[in-house]
Every structure is written in structure tokens, then in C-alpha cells.
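Q: First, the structure itself, so that you have it in front of you.
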Protein chains: 2
Amino acid sequence: MPPDTKARLLQSAERILRERGYNGFSYADLAQEIGIRTASIHYHFRAKSDLVLALIERYAERIAGGLADLSRTAPTGADRIAGYVAVYRDALRQGSSLCLCVSLSADAESLEPTALAALEAFHQGGIAWLTEAFELAAEDGSIEHVGAPASEAAATLALVEGAQLVGRASRSAEPFERAVALLMARLRDVG
Amino acid sequence: MPPDTKARLLQSAERILRERGYNGFSYADLAQEIGIRTASIHYHFRAKSDLVLALIERYAERIAGGLADLSRTAPTGADRIAGYVAVYRDALRQGSSLCLCVSLSADAESLEPTALAALEAFHQGGIAWLTEAFELAAEDGSIEHVGAPASEAAATLALVEGAQLVGRASRSAEPFERAVALLMARLRDVG
DNA sequence: GTCTATACGGTGATAGAC
DNA sequence: GTCTATCACCGTATAGAC
């Protein structure tokens, strides 16, 4: 019945980290937000690096789960790409936060090797999923002039991550929409 | 003859900030690197926010100057886009650093309004330059199937910034190259 | 211009009581 | 599980001597 502290910690930590970056958030912020002392956080996560690693893994699983759902429910390649872009649009939250892994990539220098490896795995997973989506699109004709699927995938991942960054600098969703407009225009039959 | 301390400060600060982010570098790092005390840095830049603002303005001018040169020397739209991509490729330095403004965009929450405004101006300037380059390309036919120049510009800015981020997470140049490969393939007659 | 000295709060982390 | 108390720094910033 009492809310699971560890879960609340993860939830708050993710939000703060996505707003302020790895070096911009502390156990003190976190402690204040959920109403315990910093010492208590160390009980759940021995070190800040442990918390961050748990955060990445949890985040990667959640996104991977969402993409797997999308693969099942989206019939065309265009539907899948539209859904993928929506994931990043939602994560931007009108320019107020970044995808956890976009935020952490910028602070790569401060991360442990294990966290760095998890970050790379996240990117690799995104590219693999996008490659499949573009392969499907090449077959079903739902996206205009599709190039090599692996190249389209790498470009699309960079596009949405960069679009988030530009939106973050403007604290607005508009730059994101402008950046993905051409990609969205290539999609056919998307509601 | 004695090296200008202010200039050395700016040079070192830019390097460190691009490697570690706004919240990941301190006056102490800077002081140690150029061999003076932190108190002396405050003589040149009253507060960290003043240093960062000077850094952005200097950086924006340098990049704008480079792009202006490129406009004069690159005859086709494709040449200009290739040159633009090269600017970001060089700034990535094999995955060891980011464009100053990519780094700062991720730490937007920590910046003063003046710095944020300068960041937005940097992005706006990049998009304006790219828009002209794509307009030229639409006329000279040097890039395949050019869409609305303003849309191409917004997408290209996001693409190269995102490509840097993915490269940074892997401490490698390869993800950057993969991300821009399709764009580069659209360019014709580029040595 | 650069220094020493210092203020003052933040930082991740630990020991041990409850 | 959470607390109090405490540690050993590190952070930006200032005052005033040289």
C-alpha cells in the first residue's frame, strides 16, 4: 500500500535527469522531491552510477516494449515510422525535456563504461527496429523513394534526436515539427 | 608577447565545455589547465554565465564566418551542403566532443535567458544559411529531389546535430557517417 | 592581472541509531 | 527502510594584498 520508494525514485530521477542532464541533478533534488533524506536513497542505489544504469535499462525496456507493440499494431512501414516519430515528439514534452538517452549522450564523458554500453545498445536497438520498418516500407510502398533501409534508419534516429535538441534549445515543439516535416510528408496513407 | 589570458581562457573553456557539458566543467578545471587561480578567471569573466555567453557569441561568429566563406567558394548547392556537413563532422572530433551549441542545448535548463537567446540565434542562422543552399540546389540541380528548402534546412540541421550525439555516445565517427550517408548520396558532382 | 584567503552552500557517500 | 550526523571534498564567488 505505501508507494514503492524505489519506483518513485526511478520515476522522479528520470524526469529530473531528462530536464537537467546527468551533471545537473543530485540526490538532494531527488530526496526533496519524494520526501526522504539523501542517505535513504543510497540504500536503494548505492551510488549515483547505479541509479543511472537502472534508469537506462528501465527506459530501454519501456521503449523497446512500445516499439514491439507498434510492430504488431501498425500495418505499414509508414505507420511504424509515424509511431516512432511520435515517441520522440512525446518525450520532448513541448521542449521541456529530452529522451533520457539524448540527455545522457550529451553527458557521455561523465558516464561509467557500463552506462555507455547501455546507451549504445539503446541506439543500436532503435536502428535495428527502424531498419525493419524501412524494409517493410520498401515492400509495401508506404514511404516515398526509400533508400537503403539501414541508411534510412541511421538518418531517422539522428533526425529525431537532433530535432529534440533544437526544440529543447527553444523550449518549444515547433522546431521538432519543422525538422521532421519532410519525413512525415514522405509517408502515405497515415491518418 | 605574453599569451593573451582571456583568449587562452576562451579556447580552453570551449574545449572543456564541448567535451563535458555546461554542468560538467568548472573554473577549477579551467584554472588548472591554463595555470592560474580560479580567482583570476573571475577578473576576466565575472561569472560563469558571462564566460558562457562570450563563448556562444564567439563560436557563432566563427561558424557564420566559415559558412560565409563557403557561400563564396562553393559553386553548387551540393558543395555547400557537403561543406556544412563537414563542419559538424570536424566538430565531433572522432566522437570526443560536440558542437558547442549541441552541448549547450542539452543543458538548456541551466542557462541564462541571454545564453538561451544566443543559442536560438545560432540555430536560426544555420537554418537560414541551409535554406539558401537548398534554394540554390533546387535551381542548379546538384541535389536529388529537393523538397521545400526551409523544410530541407530544418531537417538537415537536426540530422547533423543528432548524428553528433549518436557519435558522442559511441566515442566514434562512424555513427555520424552512417547517419549522413543518405544525404551525402543525394549530392551530385561533389569531389 | 594575479595572488592568497575565505565564505558559504552543494556533492556523493558512509556509519550507526532506530 | 529511513533517520541523524558527519565526512571530505568541490562549486561559484568575493575581498583585499601585491
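Ordering of the C-alpha cells sets the chain letters (A, B, ...), residue numbers begin anew at 1 in every chain, and ligands are numbered from 1 in the order given.
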Find the spatial neighbours of stretch 81-85 of chain A, counting only C-alpha atoms (C1' of nucleotides), within a cut-off of 8 Å - ignore same-chain residues fewer than 6 positions away - and output them as a PyMOL selection string.
A: chain A and resi 67+70+130+133+160+180+184+187+190
Q: Would you export the selected residues with all heavy atoms as a short mmCIF file (atom, residue, chain, number, x, y, z; two decimals), in the first residue's frame, please?
A:
```cif
data_model
loop_
_atom_site.label_atom_id
_atom_site.label_comp_id
_atom_site.auth_asym_id
_atom_site.auth_seq_id
_atom_site.Cartn_x
_atom_site.Cartn_y
_atom_site.Cartn_z
N LEU A 67 7.84 -0.16 -28.96
CA LEU A 67 8.11 -0.37 -30.38
C LEU A 67 7.62 -1.76 -30.81
O LEU A 67 7.12 -1.93 -31.93
CB LEU A 67 9.61 -0.21 -30.68
CG LEU A 67 10.16 1.21 -30.49
CD1 LEU A 67 11.65 1.25 -30.84
CD2 LEU A 67 9.40 2.24 -31.33
N LEU A 70 4.09 -1.49 -31.39
CA LEU A 70 3.87 -0.77 -32.64
C LEU A 70 4.05 -1.70 -33.84
O LEU A 70 3.29 -1.62 -34.82
CB LEU A 70 4.88 0.39 -32.70
CG LEU A 70 4.55 1.60 -33.58
CD1 LEU A 70 3.16 2.13 -33.29
CD2 LEU A 70 5.60 2.69 -33.33
N LEU A 130 14.14 0.45 -36.72
CA LEU A 130 13.87 1.33 -37.86
C LEU A 130 14.24 0.67 -39.17
O LEU A 130 13.55 0.85 -40.19
CB LEU A 130 14.67 2.63 -37.70
CG LEU A 130 14.12 3.66 -36.71
CD1 LEU A 130 15.17 4.72 -36.38
CD2 LEU A 130 12.84 4.31 -37.26
N ALA A 133 11.44 -1.44 -40.17
CA ALA A 133 10.31 -0.62 -40.61
C ALA A 133 10.52 -0.11 -42.03
O ALA A 133 9.58 -0.11 -42.85
CB ALA A 133 10.10 0.54 -39.64
N VAL A 160 15.47 12.52 -35.43
CA VAL A 160 14.58 12.76 -34.30
C VAL A 160 15.34 13.18 -33.04
O VAL A 160 14.85 14.00 -32.26
CB VAL A 160 13.66 11.55 -33.99
CG1 VAL A 160 12.70 11.31 -35.14
CG2 VAL A 160 14.45 10.29 -33.66
N VAL A 180 11.00 17.35 -38.72
CA VAL A 180 10.51 16.04 -39.19
C VAL A 180 9.47 16.18 -40.31
O VAL A 180 8.98 15.16 -40.82
CB VAL A 180 9.92 15.19 -38.03
CG1 VAL A 180 10.97 14.94 -36.96
CG2 VAL A 180 8.67 15.82 -37.45
N MET A 184 7.76 13.19 -42.56
CA MET A 184 6.32 12.92 -42.44
C MET A 184 5.63 13.04 -43.80
O MET A 184 4.69 12.30 -44.10
CB MET A 184 5.68 13.89 -41.44
CG MET A 184 6.19 13.75 -40.00
SD MET A 184 6.06 12.10 -39.28
CE MET A 184 4.30 12.03 -38.94
N LEU A 187 5.47 9.93 -45.95
CA LEU A 187 4.60 8.81 -45.53
C LEU A 187 3.25 8.90 -46.25
O LEU A 187 2.66 9.96 -46.35
CB LEU A 187 4.37 8.86 -44.01
CG LEU A 187 5.60 9.03 -43.11
CD1 LEU A 187 5.19 8.96 -41.64
CD2 LEU A 187 6.66 7.98 -43.42
N VAL A 190 -1.21 7.71 -43.94
CA VAL A 190 -1.15 7.76 -42.49
C VAL A 190 -2.22 8.73 -42.00
O VAL A 190 -2.24 9.88 -42.40
CB VAL A 190 0.24 8.23 -42.00
CG1 VAL A 190 0.24 8.39 -40.50
CG2 VAL A 190 1.29 7.22 -42.43
#
```
Q: Tell me as a list of chain:residue names which residues belonging to chain D come within 12 Å of chain B, counting only C-alpha atoms (C1' of nucleotides).
A: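 Every residue of chain D that passes the 12 Å test is in D:DC10, D:DG11, D:DT12, D:DA13, D:DT14, D:DA15.
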Q: How close does chain B get to chain A? List, as JSON lines, each residue of chain B within 8 Å, its nearest atom pair and the distance in Å to one decimal, counting only C-alpha atoms.
A:
```
{"residue": "B:Glu19", "atom": "CA", "partner": "A:Glu109", "partner_atom": "CA", "distance": 6.8}
{"residue": "B:Arg20", "atom": "CA", "partner": "A:Glu109", "partner_atom": "CA", "distance": 5.7}
{"residue": "B:Gly21", "atom": "CA", "partner": "A:Asp107", "partner_atom": "CA", "distance": 6.3}
{"residue": "B:Asn23", "atom": "CA", "partner": "A:Asn23", "partner_atom": "CA", "distance": 5.4}
{"residue": "B:Gly24", "atom": "CA", "partner": "A:Asn23", "partner_atom": "CA", "distance": 5.9}
{"residue": "B:Leu98", "atom": "CA", "partner": "A:Ala106", "partner_atom": "CA", "distance": 7.9}
{"residue": "B:Val102", "atom": "CA", "partner": "A:Leu165", "partner_atom": "CA", "distance": 7.2}
{"residue": "B:Ser103", "atom": "CA", "partner": "A:Ala106", "partner_atom": "CA", "distance": 6.1}
{"residue": "B:Ser105", "atom": "CA", "partner": "A:Ala169", "partner_atom": "CA", "distance": 4.9}
{"residue": "B:Ala106", "atom": "CA", "partner": "A:Ser103", "partner_atom": "CA", "distance": 6.1}
{"residue": "B:Asp107", "atom": "CA", "partner": "A:Arg20", "partner_atom": "CA", "distance": 6.2}
{"residue": "B:Ala108", "atom": "CA", "partner": "A:Ala169", "partner_atom": "CA", "distance": 5.9}
{"residue": "B:Glu109", "atom": "CA", "partner": "A:Arg20", "partner_atom": "CA", "distance": 5.7}
{"residue": "B:Ser110", "atom": "CA", "partner": "A:Arg20", "partner_atom": "CA", "distance": 7.1}
{"residue": "B:Leu116", "atom": "CA", "partner": "A:Ala169", "partner_atom": "CA", "distance": 6.7}
{"residue": "B:Leu119", "atom": "CA", "partner": "A:Ala169", "partner_atom": "CA", "distance": 6.8}
{"residue": "B:Glu120", "atom": "CA", "partner": "A:Ser170", "partner_atom": "CA", "distance": 6.2}
{"residue": "B:His123", "atom": "CA", "partner": "A:Val166", "partner_atom": "CA", "distance": 7.4}
{"residue": "B:Gly147", "atom": "CA", "partner": "A:Leu182", "partner_atom": "CA", "distance": 7.3}
{"residue": "B:Ser151", "atom": "CA", "partner": "A:Leu182", "partner_atom": "CA", "distance": 6.2}
{"residue": "B:Glu152", "atom": "CA", "partner": "A:Leu182", "partner_atom": "CA", "distance": 7.0}
{"residue": "B:Ala153", "atom": "CA", "partner": "A:Ala179", "partner_atom": "CA", "distance": 8.0}
{"residue": "B:Ala154", "atom": "CA", "partner": "A:Ala179", "partner_atom": "CA", "distance": 4.6}
{"residue": "B:Ala155", "atom": "CA", "partner": "A:Ala179", "partner_atom": "CA", "distance": 4.2}
{"residue": "B:Thr156", "atom": "CA", "partner": "A:Ala179", "partner_atom": "CA", "distance": 7.7}
{"residue": "B:Leu157", "atom": "CA", "partner": "A:Gly162", "partner_atom": "CA", "distance": 7.6}
{"residue": "B:Ala158", "atom": "CA", "partner": "A:Gly162", "partner_atom": "CA", "distance": 4.1}
{"residue": "B:Leu159", "atom": "CA", "partner": "A:Leu159", "partner_atom": "CA", "distance": 4.3}
{"residue": "B:Val160", "atom": "CA", "partner": "A:Gly162", "partner_atom": "CA", "distance": 7.2}
{"residue": "B:Glu161", "atom": "CA", "partner": "A:Gly162", "partner_atom": "CA", "distance": 4.9}
{"residue": "B:Gly162", "atom": "CA", "partner": "A:Gly162", "partner_atom": "CA", "distance": 3.7}
{"residue": "B:Ala163", "atom": "CA", "partner": "A:Ala158", "partner_atom": "CA", "distance": 4.8}
{"residue": "B:Leu165", "atom": "CA", "partner": "A:Ser105", "partner_atom": "CA", "distance": 6.0}
{"residue": "B:Val166", "atom": "CA", "partner": "A:Ala158", "partner_atom": "CA", "distance": 6.9}
{"residue": "B:Arg168", "atom": "CA", "partner": "A:Ser105", "partner_atom": "CA", "distance": 6.4}
{"residue": "B:Ala169", "atom": "CA", "partner": "A:Ser105", "partner_atom": "CA", "distance": 4.9}
{"residue": "B:Ser170", "atom": "CA", "partner": "A:Glu120", "partner_atom": "CA", "distance": 6.2}
{"residue": "B:Pro175", "atom": "CA", "partner": "A:Ala154", "partner_atom": "CA", "distance": 7.6}
{"residue": "B:Arg178", "atom": "CA", "partner": "A:Ala154", "partner_atom": "CA", "distance": 6.0}
{"residue": "B:Ala179", "atom": "CA", "partner": "A:Ala155", "partner_atom": "CA", "distance": 4.2}
{"residue": "B:Val180", "atom": "CA", "partner": "A:Ala155", "partner_atom": "CA", "distance": 6.2}
{"residue": "B:Ala181", "atom": "CA", "partner": "A:Ser151", "partner_atom": "CA", "distance": 6.6}
{"residue": "B:Leu182", "atom": "CA", "partner": "A:Ser151", "partner_atom": "CA", "distance": 6.2}
```
Q: Just the number, please: distance in Å from atom C1' of C:DC3 to atom CA of B:Ser49, one decimal.
A: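 Going from atom C1' of C:DC3 over to atom CA of B:Ser49 covers 23.4 Å.
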Q: Using only C-alpha atoms (C1' of nucleotides), find each residue in chain C having at least one atom no more than 10 Å away from chain A; report its shortest atom-to-atom pair and that distance in Å (one decimal), rows by chain then rising number, as a Markdown table.
A:
```
| residue | atom | partner | partner_atom | distance |
| --- | --- | --- | --- | --- |
| C:DG10 | C1' | A:Ala28 | CA | 8.9 |
| C:DT11 | C1' | A:Ser26 | CA | 7.6 |
| C:DG12 | C1' | A:Lys48 | CA | 7.6 |
| C:DA13 | C1' | A:Ala47 | CA | 7.8 |
| C:DT14 | C1' | A:Ala39 | CA | 8.8 |
```
Q: For atom CA of B:Gly125 and atom CA of B:Arg58, quote the distance in Å rounded to one decimal.
A: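 One can read the atom CA of B:Gly125 to atom CA of B:Arg58 distance as 14.0 Å.
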Q: For A:Gly35, work out the shell of residues within 12 Å, counting only C-alpha atoms (C1' of nucleotides) and skipping chain neighbours fewer than 6 positions away, then give it as an MDAnalysis selection string.
A: (chainID A and resid 5 8:9 12 27:29 41) or (chainID D and resid 2)
Q: Give the helix (DSSP H, G or I) residues of chain B, as DSSP finds them on the backbone, and put them as a ChimeraX atom specification.
A: /B:5-20,22-24,27-34,38-44,48-73,77-95,100-106,108-110,113-140,149-170,174-186
Q: If we count only C-alpha atoms (C1' of nucleotides) and set the cut-off at 12 Å, which residues sit around A:Ala68, ignoring sequence neighbours fewer than 4 positions away in its own chain? Please answer as a list of chain:residue names.
A: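 Here the answer would be A:Glu61, A:Arg62, A:Ile63, A:Ala64, A:Arg72, A:Thr73, A:Ala74, A:Arg80, A:Gly83, A:Tyr84, A:Gly125, A:Gly126, A:Ala128, A:Trp129, A:Leu130, A:Glu132, A:Ala133.
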Q: So what do you get for atom CA of A:Ile127 versus atom CA of B:Glu174, distance-wise?
A: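 Pair atom CA of A:Ile127 / atom CA of B:Glu174 returns 13.7 Å.
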Q: Would you pick out the contacts of A:Gln11 at 12 Å or less, using only C-alpha atoms (C1' of nucleotides), so that residues sharing its chain but fewer than 6 positions from it are not included, and give the list as a list in words?
A: Pro3, Asp4, Thr5, Leu17, Arg18, Leu30, Glu33, Ile34, Leu51, Val52, Ala54, Leu55, Ile56, Arg58, Tyr59 and Leu100 of chain A
Q: Convert the current residue selection to file output with N, CA, C and O atoms, as a short mmCIF file (atom, residue, chain, number, x, y, z; two decimals), in the first residue's frame.
A:
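Heads up, here's the output in part36.cif:
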```
data_model
loop_
_atom_site.label_atom_id
_atom_site.label_comp_id
_atom_site.auth_asym_id
_atom_site.auth_seq_id
_atom_site.Cartn_x
_atom_site.Cartn_y
_atom_site.Cartn_z
N PRO A 3 3.42 3.61 -1.26
CA PRO A 3 4.02 3.61 -2.59
C PRO A 3 5.47 3.15 -2.55
O PRO A 3 6.23 3.55 -1.69
N ASP A 4 5.82 2.28 -3.44
CA ASP A 4 7.15 1.70 -3.54
C ASP A 4 8.19 2.81 -3.75
O ASP A 4 8.26 3.44 -4.80
N THR A 5 9.03 3.01 -2.75
CA THR A 5 10.02 4.10 -2.81
C THR A 5 10.96 3.98 -3.99
O THR A 5 11.26 4.95 -4.66
N LEU A 17 16.49 14.02 -14.59
CA LEU A 17 17.64 13.82 -15.46
C LEU A 17 17.34 14.26 -16.89
O LEU A 17 18.17 14.86 -17.57
N ARG A 18 16.13 13.99 -17.35
CA ARG A 18 15.76 14.38 -18.72
C ARG A 18 15.60 15.89 -18.85
O ARG A 18 15.69 16.44 -19.95
N LEU A 30 16.43 14.95 -5.66
CA LEU A 30 15.61 13.76 -5.65
C LEU A 30 14.98 13.54 -4.27
O LEU A 30 13.78 13.26 -4.15
N GLU A 33 12.23 15.98 -3.59
CA GLU A 33 11.03 15.72 -4.38
C GLU A 33 10.17 14.59 -3.85
O GLU A 33 8.94 14.67 -3.88
N ILE A 34 10.80 13.52 -3.35
CA ILE A 34 9.96 12.43 -2.88
C ILE A 34 9.83 12.39 -1.36
O ILE A 34 9.16 11.52 -0.81
N LEU A 51 22.16 4.15 -10.00
CA LEU A 51 20.84 4.70 -10.31
C LEU A 51 20.71 4.97 -11.81
O LEU A 51 19.72 4.61 -12.44
N VAL A 52 21.75 5.58 -12.38
CA VAL A 52 21.71 5.92 -13.80
C VAL A 52 21.63 4.67 -14.66
O VAL A 52 20.86 4.63 -15.63
N ALA A 54 20.36 1.78 -13.85
CA ALA A 54 19.00 1.24 -13.71
C ALA A 54 18.02 2.05 -14.54
O ALA A 54 17.10 1.51 -15.17
N LEU A 55 18.24 3.35 -14.57
CA LEU A 55 17.39 4.25 -15.33
C LEU A 55 17.44 3.94 -16.83
O LEU A 55 16.40 3.87 -17.51
N ILE A 56 18.64 3.77 -17.34
CA ILE A 56 18.80 3.50 -18.77
C ILE A 56 18.15 2.16 -19.13
O ILE A 56 17.41 2.05 -20.11
N ARG A 58 15.82 0.45 -17.60
CA ARG A 58 14.37 0.54 -17.49
C ARG A 58 13.78 1.29 -18.68
O ARG A 58 12.78 0.89 -19.27
N TYR A 59 14.44 2.37 -19.04
CA TYR A 59 13.97 3.20 -20.15
C TYR A 59 14.03 2.43 -21.47
O TYR A 59 13.08 2.42 -22.26
N LEU A 100 15.67 10.29 -22.46
CA LEU A 100 16.72 10.02 -21.48
C LEU A 100 18.07 9.79 -22.15
O LEU A 100 19.10 10.29 -21.67
#
```
Q: Using only C-alpha atoms (C1' of nucleotides), which of B:Pro149, B:Gln32, B:Ile16, B:Tyr43 sits nearest C:DT2?
A: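 Among B:Pro149, B:Gln32, B:Ile16, B:Tyr43, it is B:Tyr43 that comes nearest to C:DT2.
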